[in-house]
Amino acid sequence: MSASVLDRHATLVQAGELRPDADQVKAVSALAKVQSKLEAAQARGSSVWRFLGRKPEPARGLYLWGGVGRGKSMLMDLFFDSVQIQHKRRAHFHEFMIDIHARLKAERVKEKGDPIPPIVAALAAEARLLCFDEMVVNNVADAAIMSRLFSGLIAAGVTVVTTSNRHPDDLYKNGLNRQLFLPFIDLVKESLDVIALDGPTDYRRDRLGSAKIWLVPNGPKATTALSETFFRMTDYPPEDRGHVPTLEMEVGGGRMLHVPKALKGVAVFSFKRLCAEARGAADYLAIARRFHTVIMVGIPVLGPHNRNEAARFVTLIDALYEYRVKFLASADAEPDHLYPQGDGRFEFDRTVSRLMEMQSEDYLAEGHGPR
């Protein structure tokens, strides 16, 4: 029999890996109830429900929200790993919506009417439990379909558990045509238990610790330091570094970007990968929305001799700054000497200012998301 998410959380507190936190205990207790109901329904077996002529009552879902670094993703990890049922799925919310838009496109090609019902049916057949990290809505296209999509899933008996940095009332705040999204907010508050998770410890900032944000010069020493920070922030065992997950993510115009290391909202890139290849603002905004921390290695001294790479770097930093992404890097110079002279130096001053601010305590304490 699997361990309860409540027991696993208590073990981590007793071991000193987590600090006592009343908000976390409340959230874990709620997750444990969902786990118990999901597993009990499966244990009774599908034949029982067929005999009774009805489906099991679905477990009511949860919406966990709170400030950055309060342990939402960690609790989701514990919960998802603990729940012993068939047909469960976990995804970052941005990746899930990319999948939904791909399914919508495929259904529209069939020209068989409303594309939402067959998508709901397919998702419900694939998973009894859907878990999402970092629910956030940034565009009107997502806002317009979410109410119908999720009302269909919940009506089909799918249990939804999600995390977010925002209370439901603040989702898509001030967004274009927000009235299209208001039914979804009502649905969340009616169908999911909304639980605040905003305890005193910012684990993400805590694990970043006193790590240096900008390391000079490039080389093995800087790379080793950034690697150690990556493992500390993601709780991934350094001895298993050969198996760190990679990611293929969709960026601007439907193109794909290979992320060599991607775990728990932290991504590692080389300067060459992001700035020497043909990339644009849409690519960098996709990265900024997807990751709360970006680690970059190999930033060279910039200038007229590599003006294209420098221009892309400026666009990247603008996107990361707008979404308050933590940026750790190794470079051949400090920010104010990164573009020392030549055409373009004046325009680079704004990037220098932003790079300096991104190292400040005030910036590092901010949550991930658009300003």
# chains A, B, ... in the order shown; residues from 1 in each chain; ligands from 1
call {"tool": "closest_atom_pairs", "arguments": {"of": "segment 112-215 of chain A", "to": "segment 81-86 of chain A", "cutoff": "12 Å", "atoms": "only C-alpha atoms", "output": "Markdown table"}}
result
| residue | atom | partner | partner_atom | distance |
| --- | --- | --- | --- | --- |
| A:Ala125 | CA | A:Gln86 | CA | 11.1 |
| A:Glu126 | CA | A:Gln86 | CA | 9.4 |
| A:Ala127 | CA | A:Gln86 | CA | 7.8 |
| A:Arg128 | CA | A:Gln86 | CA | 7.9 |
| A:Leu129 | CA | A:Ile85 | CA | 8.7 |
| A:Leu130 | CA | A:Val83 | CA | 11.7 |
| A:Cys131 | CA | A:Asp81 | CA | 11.2 |
call {"tool": "write_last_selection", "arguments": {"atoms": "N, CA and C atoms", "output": "short mmCIF file (atom, residue, chain, number, x, y, z; two decimals), in the first residue's frame"}}
result
data_model
loop_
_atom_site.label_atom_id
_atom_site.label_comp_id
_atom_site.auth_asym_id
_atom_site.auth_seq_id
_atom_site.Cartn_x
_atom_site.Cartn_y
_atom_site.Cartn_z
N ALA A 125 -11.04 10.22 -20.94
CA ALA A 125 -10.67 8.81 -21.12
C ALA A 125 -9.21 8.57 -20.76
N GLU A 126 -8.38 9.60 -20.89
CA GLU A 126 -6.95 9.46 -20.63
C GLU A 126 -6.59 9.57 -19.15
N ALA A 127 -7.38 10.34 -18.38
CA ALA A 127 -6.98 10.59 -17.00
C ALA A 127 -8.20 10.86 -16.11
N ARG A 128 -8.22 10.19 -14.96
CA ARG A 128 -9.21 10.50 -13.92
C ARG A 128 -8.73 11.65 -13.06
N LEU A 129 -7.42 11.85 -13.04
CA LEU A 129 -6.82 12.93 -12.24
C LEU A 129 -5.94 13.77 -13.16
N LEU A 130 -6.21 15.08 -13.19
CA LEU A 130 -5.38 16.02 -13.94
C LEU A 130 -4.75 16.99 -12.94
N CYS A 131 -3.43 17.05 -12.94
CA CYS A 131 -2.70 17.96 -12.06
C CYS A 131 -1.95 18.98 -12.90
#
call {"tool": "residues_around", "arguments": {"residues": "segment 163-176 of chain A", "least_positions_apart": "3", "cutoff": "6 Å", "atoms": "only C-alpha atoms", "output": "PyMOL selection string"}}
result
chain A and resi 63-67+133-135+137+185
call {"tool": "residues_around", "arguments": {"residues": "Lys212 of chain A", "least_positions_apart": "5", "cutoff": "9 Å", "atoms": "only C-alpha atoms", "output": "list in words"}}
result
Ala225, Leu226, Leu328 and Gln359 of chain A
call {"tool": "write_last_selection", "arguments": {"atoms": "N, CA and C atoms", "output": "mmCIF file, in the first residue's frame"}}
result
data_model
loop_
_atom_site.group_PDB
_atom_site.id
_atom_site.type_symbol
_atom_site.label_atom_id
_atom_site.label_comp_id
_atom_site.auth_asym_id
_atom_site.auth_seq_id
_atom_site.Cartn_x
_atom_site.Cartn_y
_atom_site.Cartn_z
ATOM 1 N N ALA A 225 29.772 25.950 -10.204
ATOM 2 C CA ALA A 225 28.970 26.701 -9.237
ATOM 3 C C ALA A 225 27.508 26.772 -9.676
ATOM 4 N N LEU A 226 27.259 27.036 -10.955
ATOM 5 C CA LEU A 226 25.891 27.104 -11.454
ATOM 6 C C LEU A 226 25.221 25.727 -11.403
ATOM 7 N N LEU A 328 20.473 33.531 -13.638
ATOM 8 C CA LEU A 328 21.823 33.235 -13.160
ATOM 9 C C LEU A 328 22.685 32.964 -14.379
ATOM 10 N N GLN A 359 19.855 41.160 -9.934
ATOM 11 C CA GLN A 359 20.682 40.558 -8.887
ATOM 12 C C GLN A 359 20.296 41.041 -7.493
#
call {"tool": "select_by_dssp", "arguments": {"residues": "segment 188-354 of chain A", "states": "strand (DSSP E or B)", "output": "PyMOL selection string"}}
result
chain A and resi 192-196+214-215+247-250+256-259+261-263+266-270+293-299+326-331
call {"tool": "write_last_selection", "arguments": {"atoms": "C-alpha atoms", "output": "CSV table (one decimal), in the first residue's frame"}}
result
chain,number,residue,atom,x,y,z
A,192,LEU,CA,-12.7,23.2,-6.5
A,193,ASP,CA,-11.7,23.8,-2.9
A,194,VAL,CA,-9.6,27.0,-2.9
A,195,ILE,CA,-6.7,26.8,-0.4
A,196,ALA,CA,-4.2,29.5,0.3
A,214,TRP,CA,26.5,36.5,-12.1
A,215,LEU,CA,29.8,34.7,-12.3
A,247,LEU,CA,12.5,19.3,-22.6
A,248,GLU,CA,11.3,20.0,-26.2
A,249,MET,CA,9.1,23.1,-25.9
A,250,GLU,CA,7.1,24.9,-28.5
A,256,MET,CA,10.5,23.7,-31.1
A,257,LEU,CA,13.3,24.6,-28.7
A,258,HIS,CA,15.5,22.0,-27.0
A,259,VAL,CA,16.1,22.7,-23.3
A,261,LYS,CA,18.1,20.7,-18.5
A,262,ALA,CA,14.6,21.5,-17.3
A,263,LEU,CA,13.2,20.6,-13.9
A,266,VAL,CA,14.4,25.8,-13.7
A,267,ALA,CA,16.0,25.7,-17.2
A,268,VAL,CA,19.6,25.7,-18.3
A,269,PHE,CA,20.7,27.1,-21.6
A,270,SER,CA,24.0,28.1,-23.3
A,293,THR,CA,14.5,30.6,-13.2
A,294,VAL,CA,16.9,30.6,-16.2
A,295,ILE,CA,20.5,29.6,-15.9
A,296,MET,CA,22.8,30.6,-18.9
A,297,VAL,CA,26.4,29.7,-19.4
A,298,GLY,CA,29.0,31.1,-21.9
A,299,ILE,CA,28.0,34.7,-22.3
A,326,LYS,CA,15.5,34.8,-11.9
A,327,PHE,CA,18.5,34.9,-14.1
A,328,LEU,CA,21.8,33.2,-13.2
A,329,ALA,CA,24.7,33.4,-15.6
A,330,SER,CA,28.4,32.9,-16.3
A,331,ALA,CA,30.0,35.6,-18.5
call {"tool": "atom_distance", "arguments": {"atom1": "atom CA of Ile98 of chain A", "atom2": "atom CA of Leu149 of chain A"}}
result
13.7 Å
call {"tool": "atom_distance", "arguments": {"atom1": "atom CA of Asp332 of chain A", "atom2": "atom CA of Thr234 of chain A"}}
result
26.4 Å
call {"tool": "residues_around", "arguments": {"residues": "Pro58 of chain A", "least_positions_apart": "2", "cutoff": "7 Å", "atoms": "only C-alpha atoms", "output": "list in words"}}
result
Pro56, Arg60, Gly157, Val158 and Thr159 of chain A
call {"tool": "residues_around", "arguments": {"residues": "Arg148 of chain A", "least_positions_apart": "4", "cutoff": "8 Å", "atoms": "only C-alpha atoms", "output": "PyMOL selection string"}}
result
chain A and resi 116+152+184
call {"tool": "write_last_selection", "arguments": {"atoms": "C-alpha atoms", "output": "PDB file, in the first residue's frame"}}
result
ATOM      1  CA  ILE A 116     -14.702  21.040 -27.404  1.00  0.00           C
ATOM      2  CA  GLY A 152     -16.768  19.590 -19.397  1.00  0.00           C
ATOM      3  CA  PHE A 184     -14.233  30.018 -15.525  1.00  0.00           C
TER       4      PHE A 184
END
call {"tool": "atom_distance", "arguments": {"atom1": "atom CA of Val352 of chain A", "atom2": "atom CA of Pro335 of chain A"}}
result
5.4 Å
call {"tool": "closest_residue", "arguments": {"among": "A:Met146, A:Ala3, A:Ala15, A:Ala141", "to": "Phe79 of chain A", "atoms": "only C-alpha atoms"}}
result
A:Ala3
call {"tool": "residues_around", "arguments": {"residues": "Ala333 of chain A", "least_positions_apart": "5", "cutoff": "8 Å", "atoms": "only C-alpha atoms", "output": "number ranges by chain"}}
result
A: 216-217, 300-301, 338
call {"tool": "residues_around", "arguments": {"residues": "Ala319 of chain A", "least_positions_apart": "3", "cutoff": "7 Å", "atoms": "only C-alpha atoms", "output": "list of chain:residue names"}}
result
A:Tyr284, A:Leu285, A:Ala288, A:Thr315, A:Leu316, A:Glu322, A:Tyr323
call {"tool": "write_last_selection", "arguments": {"atoms": "N, CA and C atoms", "output": "compact mmCIF listing (two decimals), in the first residue's frame"}}
result
# COMPACT_ATOMS: atom_id res chain seq x y z
N TYR A 284 11.50 34.07 -26.69
CA TYR A 284 11.95 34.45 -25.35
C TYR A 284 10.78 34.64 -24.39
N LEU A 285 9.65 35.13 -24.90
CA LEU A 285 8.47 35.26 -24.05
C LEU A 285 7.95 33.88 -23.64
N ALA A 288 10.13 32.81 -20.84
CA ALA A 288 9.86 33.60 -19.63
C ALA A 288 8.57 33.16 -18.95
N THR A 315 16.84 41.36 -26.16
CA THR A 315 15.43 40.96 -26.22
C THR A 315 15.12 39.88 -25.19
N LEU A 316 16.05 38.95 -25.01
CA LEU A 316 15.88 37.90 -24.00
C LEU A 316 15.76 38.51 -22.60
N GLU A 322 10.51 41.24 -17.68
CA GLU A 322 9.07 41.51 -17.66
C GLU A 322 8.33 40.46 -16.84
N TYR A 323 8.80 39.21 -16.88
CA TYR A 323 8.14 38.13 -16.15
C TYR A 323 8.84 37.81 -14.83
call {"tool": "closest_residue", "arguments": {"among": "A:Val28, A:Val251, A:Ile317, A:Val13", "to": "Ile287 of chain A", "atoms": "only C-alpha atoms"}}
result
A:Val251
